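Here is the structure we will look at, set down as structure tokens.
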Amino acid sequence: GLCQTDYYPSDDNVGDTNGSDLESLFDYYGTGQNLIIIELLTDIPRYLCWAYIVIKLPMLLINKINATIKKRNRKEINRIHLTREEKILLHSSAAHSVEMRYVRNLFRGNNEHRKSRLFIGRLIPKFIYEWRDDFRFSSRIVCVYASVFLLLYFMTIQALIRIIPILNVFQELLEVVFDAITTIGDSLNIQKDFPMPNLLRPFVFAILTAFVVTVIQLLILLASIRRNLFQIYRGDDSEIPLRNKSKYLSYAGGNFHFAGYFIGYLIWGYVLIAVFALIIYICIASFITFGSVRFLEKILKSIIPVVLLIIFKQYLNNLLARYVFLQHYGDILAINNRRILMIFLYFNFFLDSFLGFVSSIVRIIKSVIGGFLYMTRLDYSPLGRKLETLDSGFSAYCGFIHIEAVHRNPIMLVAVSYLYGRMKAKQYILNNRIVTIENEKNYSSKAIRKWHLAVFLLRNPRLVFSRKNALREKENKNTEALNAKLRRLSLIEQITHRPSLISENDLENMWQK
């Protein structure tokens, strides 16, 4: 048949399937075309992987055969045998390589970067993402993100397909729990305040919300990886701590854990966001369905006055700071009306003590919500800058960034590629005996160096004044000028000097004369 054995087990795998799960799927989706559509949606990641393998392997085989044929047709004397790693390294010093573009952009201003030559780079608005031709992500990042997006799609489809048919059972279980709580509440004269709505729409919206939020966080993390690499290249530690020699082993270990931690944090972040969104959507559905929910009304009645008081206090502080306690209406950070400020601080202390207690609770709630939303972001540590090294995910991210920056620094790759290319060219020249022949006249290496130096100085005339001889001549001229000045000063002193009554040596010299 057209359907897979997931829904129609055969005699061989009937023991590997769960009949109750299949029965629930049949009852909810039926046995028609819906199962085929569901199976196709579920198997899209598998089809993509198979398509990549089917296309990529023949391409690699064809390229290998073409390279072998070209190698046989060309003469071995005129060829430089390079490995794949050597070709990649030598490509870094090419005129249009990514690394060479980065080096050229270093000598340009921030507003002088050229637009991307790719159509997709010009299509994306800069306020969303600025495509740069002088940077490319490593193959490891591309592979990890491909796996992450396939896993995210698989989790979303499985959650929508497998859990929706059993939502009724879950809702009945919750109603039983609430009825039991109501029975206990009736004995204690407590009424049931929270009616349970239908869970289908809140669950679907929660899963889609978790999917969208996770995708946005993954894209922001991808942009953060590029920004953090650029910061490490120029020695900026505003986000990632600078490399420390005593932590090299920790960086290597973090680099090992990066991909695995990334997947684990992604799964937990997805689940937590889905649960948090499900709770919010259930509350909204209760309001829409039943008109009012006493439980939520009681919570809002206790929260709203405190929130309004906090907002009023903040606006009052801003007004007093601008028009009373700061000079020039807040344009200068200098206190005005110092005595009034001290009186205000004395009475404000008691109110802020209560607001500080409320703010601490709000701080905990914000930390929990921020931890849920940013669980996928390994570049963000909910522990703060002082304690971020205690976060295993952030430490793994730092190790990955430092290892990437060390091995993919564009300036280092361009310099090494140029030097290695010159070395390979000299080896090629020596092996094929193109430059010199033993019978010809051997020129002195010293003369060759002098000619090279002369050409170099002609092309860079400013460096002439930085050579040792020029610096020595300049120093000698300065010394001679200083000596001449000293001689002139001593001569002037001898001419203008007169004997003094308190100078016995001058009197003796005068009588002797």
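Each chain of the structure tokens is named A, B, ... in the order shown, its residues numbered from 1; ligands are numbered from 1 in display order.
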
Checklist entry - What's the 8 Å shell around region 380-388 of chain A, counting only C-alpha atoms, without same-chain residues fewer than 3 positions away, as a VMD selection string? => result chain A and resid 367 370 to 371 374 377 391 393 to 395

Next on the checklist: Considering only alpha helix (DSSP H) as DSSP defines it on the backbone, what residues of region 27-91 of chain A qualify? List them as a VMD selection string.
Outcome noted: chain A and resid 27 to 29 33 to 42 44 to 73 84 to 91

Could I get the residues of region 85-179 of chain A with an atom no further than 10 Å from an atom of region 197-215 of chain A, each paired with its nearest atom pair and that distance in Å to one decimal, using only C-alpha atoms, sorted by chain and residue number, as a tab-separated table?
```
residue	atom	partner	partner_atom	distance
A:Val148	CA	A:Val215	CA	9.8
A:Phe149	CA	A:Val215	CA	8.1
A:Leu152	CA	A:Phe211	CA	7.4
A:Tyr153	CA	A:Phe211	CA	8.2
A:Met155	CA	A:Phe211	CA	9.2
A:Thr156	CA	A:Ile207	CA	6.8
A:Ile157	CA	A:Ile207	CA	9.4
A:Ala159	CA	A:Ile207	CA	7.6
A:Leu160	CA	A:Val204	CA	7.0
A:Ile163	CA	A:Phe203	CA	9.2
A:Ile164	CA	A:Leu200	CA	7.0
A:Pro165	CA	A:Leu200	CA	9.5
A:Leu167	CA	A:Leu199	CA	6.8
A:Asn168	CA	A:Leu199	CA	8.0
A:Phe170	CA	A:Leu199	CA	8.9
A:Gln171	CA	A:Leu199	CA	6.9
A:Glu175	CA	A:Pro197	CA	9.9
```

Write the residues you've just listed into a file as an mmCIF file, in the first residue's frame, and include N, CA and C atoms for each of them.
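Ended up saving to selection18.cif:
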```
data_model
loop_
_atom_site.group_PDB
_atom_site.id
_atom_site.type_symbol
_atom_site.label_atom_id
_atom_site.label_comp_id
_atom_site.auth_asym_id
_atom_site.auth_seq_id
_atom_site.Cartn_x
_atom_site.Cartn_y
_atom_site.Cartn_z
ATOM 1 N N VAL A 148 19.648 20.844 14.037
ATOM 2 C CA VAL A 148 18.738 21.488 14.985
ATOM 3 C C VAL A 148 17.394 21.792 14.339
ATOM 4 N N PHE A 149 17.399 22.333 13.127
ATOM 5 C CA PHE A 149 16.139 22.657 12.466
ATOM 6 C C PHE A 149 15.354 21.401 12.099
ATOM 7 N N LEU A 152 13.845 20.255 15.349
ATOM 8 C CA LEU A 152 12.756 21.136 15.753
ATOM 9 C C LEU A 152 11.495 20.861 14.943
ATOM 10 N N TYR A 153 11.653 20.660 13.655
ATOM 11 C CA TYR A 153 10.499 20.322 12.813
ATOM 12 C C TYR A 153 9.903 18.979 13.228
ATOM 13 N N MET A 155 10.041 17.487 16.163
ATOM 14 C CA MET A 155 9.368 17.607 17.458
ATOM 15 C C MET A 155 8.004 18.277 17.314
ATOM 16 N N THR A 156 7.922 19.316 16.477
ATOM 17 C CA THR A 156 6.655 20.019 16.297
ATOM 18 C C THR A 156 5.609 19.122 15.650
ATOM 19 N N ILE A 157 6.004 18.418 14.587
ATOM 20 C CA ILE A 157 5.058 17.545 13.897
ATOM 21 C C ILE A 157 4.607 16.406 14.802
ATOM 22 N N ALA A 159 4.528 16.384 18.076
ATOM 23 C CA ALA A 159 3.673 16.898 19.139
ATOM 24 C C ALA A 159 2.255 17.144 18.639
ATOM 25 N N LEU A 160 2.129 17.675 17.429
ATOM 26 C CA LEU A 160 0.796 17.947 16.891
ATOM 27 C C LEU A 160 0.061 16.670 16.507
ATOM 28 N N ILE A 163 -0.044 13.933 20.128
ATOM 29 C CA ILE A 163 -0.657 14.350 21.389
ATOM 30 C C ILE A 163 -2.086 14.841 21.199
ATOM 31 N N ILE A 164 -2.409 15.424 20.051
ATOM 32 C CA ILE A 164 -3.764 15.940 19.837
ATOM 33 C C ILE A 164 -4.828 14.844 19.999
ATOM 34 N N PRO A 165 -4.630 13.621 19.466
ATOM 35 C CA PRO A 165 -5.671 12.591 19.670
ATOM 36 C C PRO A 165 -5.905 12.218 21.126
ATOM 37 N N LEU A 167 -5.654 14.383 23.729
ATOM 38 C CA LEU A 167 -5.953 15.559 24.550
ATOM 39 C C LEU A 167 -7.250 15.384 25.328
ATOM 40 N N ASN A 168 -8.204 14.677 24.731
ATOM 41 C CA ASN A 168 -9.461 14.458 25.438
ATOM 42 C C ASN A 168 -9.238 13.657 26.719
ATOM 43 N N PHE A 170 -6.453 13.557 28.407
ATOM 44 C CA PHE A 170 -5.746 14.438 29.328
ATOM 45 C C PHE A 170 -6.696 15.458 29.962
ATOM 46 N N GLN A 171 -7.640 15.976 29.153
ATOM 47 C CA GLN A 171 -8.597 16.931 29.684
ATOM 48 C C GLN A 171 -9.523 16.260 30.702
ATOM 49 N N GLU A 175 -10.026 17.298 34.603
ATOM 50 C CA GLU A 175 -11.334 17.561 35.191
ATOM 51 C C GLU A 175 -11.572 16.702 36.420
#
```

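Distances here use only C-alpha atoms; by that measure, the residue among A:Glu404, A:Leu278, A:Leu373, A:Lys247 closest to Arg136 (chain A) is A:Glu404.
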
Item to check | Surrounding residues of region 405-412 of chain A excluding itself and chain neighbours under 5 positions, 12 Å, only C-alpha atoms, as a ChimeraX atom specification | outcome: /A:88-89,91-93,97-106,134-139,225-235,240,242-243,248,251-252,255,398-400,417-420

Residues as selected, N, CA and C atoms, written as a compact mmCIF listing (two decimals), in the first residue's frame, can you do that?
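Output saved as selection30.txt:
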```txt
# COMPACT_ATOMS: atom_id res chain seq x y z
N ILE A 88 42.70 24.44 0.45
CA ILE A 88 41.83 25.33 1.22
C ILE A 88 42.63 26.46 1.85
N LEU A 89 43.81 26.13 2.37
CA LEU A 89 44.65 27.16 2.99
C LEU A 89 45.14 28.17 1.97
N HIS A 91 43.74 29.02 -0.75
CA HIS A 91 42.63 29.82 -1.25
C HIS A 91 42.37 31.04 -0.38
N SER A 92 42.84 31.02 0.86
CA SER A 92 42.59 32.15 1.77
C SER A 92 43.27 33.43 1.30
N SER A 93 44.38 33.32 0.58
CA SER A 93 45.09 34.50 0.10
C SER A 93 44.68 34.90 -1.32
N SER A 97 38.71 35.86 -1.93
CA SER A 97 38.37 34.96 -0.83
C SER A 97 37.71 35.73 0.31
N VAL A 98 37.03 35.02 1.15
CA VAL A 98 36.34 35.65 2.28
C VAL A 98 37.35 36.28 3.24
N GLU A 99 38.45 35.59 3.48
CA GLU A 99 39.45 36.11 4.42
C GLU A 99 40.11 37.37 3.87
N MET A 100 40.42 37.40 2.56
CA MET A 100 41.05 38.58 1.97
C MET A 100 40.09 39.78 1.98
N ARG A 101 38.81 39.54 1.79
CA ARG A 101 37.84 40.64 1.87
C ARG A 101 37.79 41.22 3.28
N TYR A 102 37.88 40.35 4.28
CA TYR A 102 37.88 40.84 5.65
C TYR A 102 39.10 41.72 5.91
N VAL A 103 40.26 41.30 5.43
CA VAL A 103 41.49 42.08 5.63
C VAL A 103 41.39 43.42 4.91
N ARG A 104 40.83 43.44 3.71
CA ARG A 104 40.68 44.70 2.98
C ARG A 104 39.70 45.63 3.69
N ASN A 105 38.65 45.07 4.27
CA ASN A 105 37.66 45.91 4.96
C ASN A 105 38.22 46.53 6.23
N LEU A 106 39.30 45.97 6.77
CA LEU A 106 39.91 46.57 7.95
C LEU A 106 40.46 47.95 7.67
N ASP A 134 32.48 39.17 3.74
CA ASP A 134 33.79 38.89 4.33
C ASP A 134 33.68 37.93 5.52
N PHE A 135 32.60 37.20 5.59
CA PHE A 135 32.45 36.22 6.67
C PHE A 135 31.61 35.05 6.18
N ARG A 136 31.98 33.88 6.62
CA ARG A 136 31.17 32.69 6.36
C ARG A 136 31.26 31.78 7.58
N PHE A 137 30.17 31.10 7.84
CA PHE A 137 30.13 30.19 8.98
C PHE A 137 30.87 28.90 8.64
N SER A 138 31.45 28.31 9.67
CA SER A 138 32.18 27.07 9.47
C SER A 138 31.22 25.93 9.17
N SER A 139 31.77 24.86 8.63
CA SER A 139 30.94 23.70 8.29
C SER A 139 30.32 23.07 9.53
N ILE A 225 26.81 34.56 17.07
CA ILE A 225 28.05 33.83 16.83
C ILE A 225 28.98 34.65 15.94
N ARG A 226 28.44 35.23 14.88
CA ARG A 226 29.26 36.07 14.01
C ARG A 226 29.77 37.30 14.74
N ARG A 227 28.89 37.97 15.49
CA ARG A 227 29.31 39.17 16.22
C ARG A 227 30.37 38.84 17.27
N ASN A 228 30.22 37.75 17.99
CA ASN A 228 31.20 37.38 19.01
C ASN A 228 32.53 36.99 18.39
N LEU A 229 32.52 36.35 17.23
CA LEU A 229 33.78 36.03 16.55
C LEU A 229 34.51 37.31 16.12
N PHE A 230 33.78 38.28 15.59
CA PHE A 230 34.40 39.54 15.23
C PHE A 230 34.97 40.25 16.46
N GLN A 231 34.26 40.15 17.59
CA GLN A 231 34.76 40.77 18.81
C GLN A 231 36.04 40.10 19.29
N ILE A 232 36.11 38.78 19.22
CA ILE A 232 37.32 38.08 19.63
C ILE A 232 38.47 38.39 18.70
N TYR A 233 38.20 38.57 17.42
CA TYR A 233 39.27 38.92 16.47
C TYR A 233 39.95 40.23 16.85
N ARG A 234 39.16 41.21 17.32
CA ARG A 234 39.74 42.51 17.63
C ARG A 234 40.00 42.70 19.12
N GLY A 235 39.86 41.62 19.93
CA GLY A 235 40.19 41.69 21.35
C GLY A 235 39.16 42.38 22.20
N ILE A 240 32.10 38.25 25.46
CA ILE A 240 32.80 36.99 25.73
C ILE A 240 34.10 37.32 26.47
N LEU A 242 37.89 37.41 27.57
CA LEU A 242 39.09 37.20 26.76
C LEU A 242 39.75 35.87 27.09
N ARG A 243 40.54 35.39 26.14
CA ARG A 243 41.20 34.09 26.29
C ARG A 243 42.23 34.15 27.42
N TYR A 248 42.74 26.95 28.99
CA TYR A 248 42.78 26.31 27.67
C TYR A 248 42.10 24.94 27.68
N TYR A 251 38.42 25.45 27.65
CA TYR A 251 37.93 25.82 26.33
C TYR A 251 37.83 24.60 25.42
N ALA A 252 38.82 23.72 25.50
CA ALA A 252 38.77 22.50 24.68
C ALA A 252 37.58 21.63 25.08
N ASN A 255 34.40 23.16 23.83
CA ASN A 255 34.26 22.92 22.39
C ASN A 255 33.74 21.51 22.12
N CYS A 398 31.58 29.59 25.09
CA CYS A 398 32.84 30.34 25.11
C CYS A 398 33.98 29.50 24.56
N GLY A 399 34.04 28.23 24.96
CA GLY A 399 35.08 27.36 24.42
C GLY A 399 34.98 27.20 22.92
N PHE A 400 33.76 27.04 22.43
CA PHE A 400 33.56 26.92 20.97
C PHE A 400 33.99 28.19 20.25
N SER A 417 48.61 31.73 4.60
CA SER A 417 48.40 31.28 3.22
C SER A 417 49.41 31.92 2.26
N TYR A 418 49.68 33.21 2.46
CA TYR A 418 50.65 33.88 1.59
C TYR A 418 52.06 33.30 1.78
N LEU A 419 52.45 33.12 3.02
CA LEU A 419 53.79 32.57 3.29
C LEU A 419 53.90 31.13 2.79
N TYR A 420 52.86 30.35 3.01
CA TYR A 420 52.90 28.96 2.56
C TYR A 420 52.90 28.88 1.03
```

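Atom pair CA of Val142 (chain A) / CA of Ala274 (chain A) has a distance of 26.1 Å (rounded to one decimal).
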
Item to check | Separation of CA of Ala285 (chain A) from CA of Ile304 (chain A) in Å | outcome: 20.9 Å
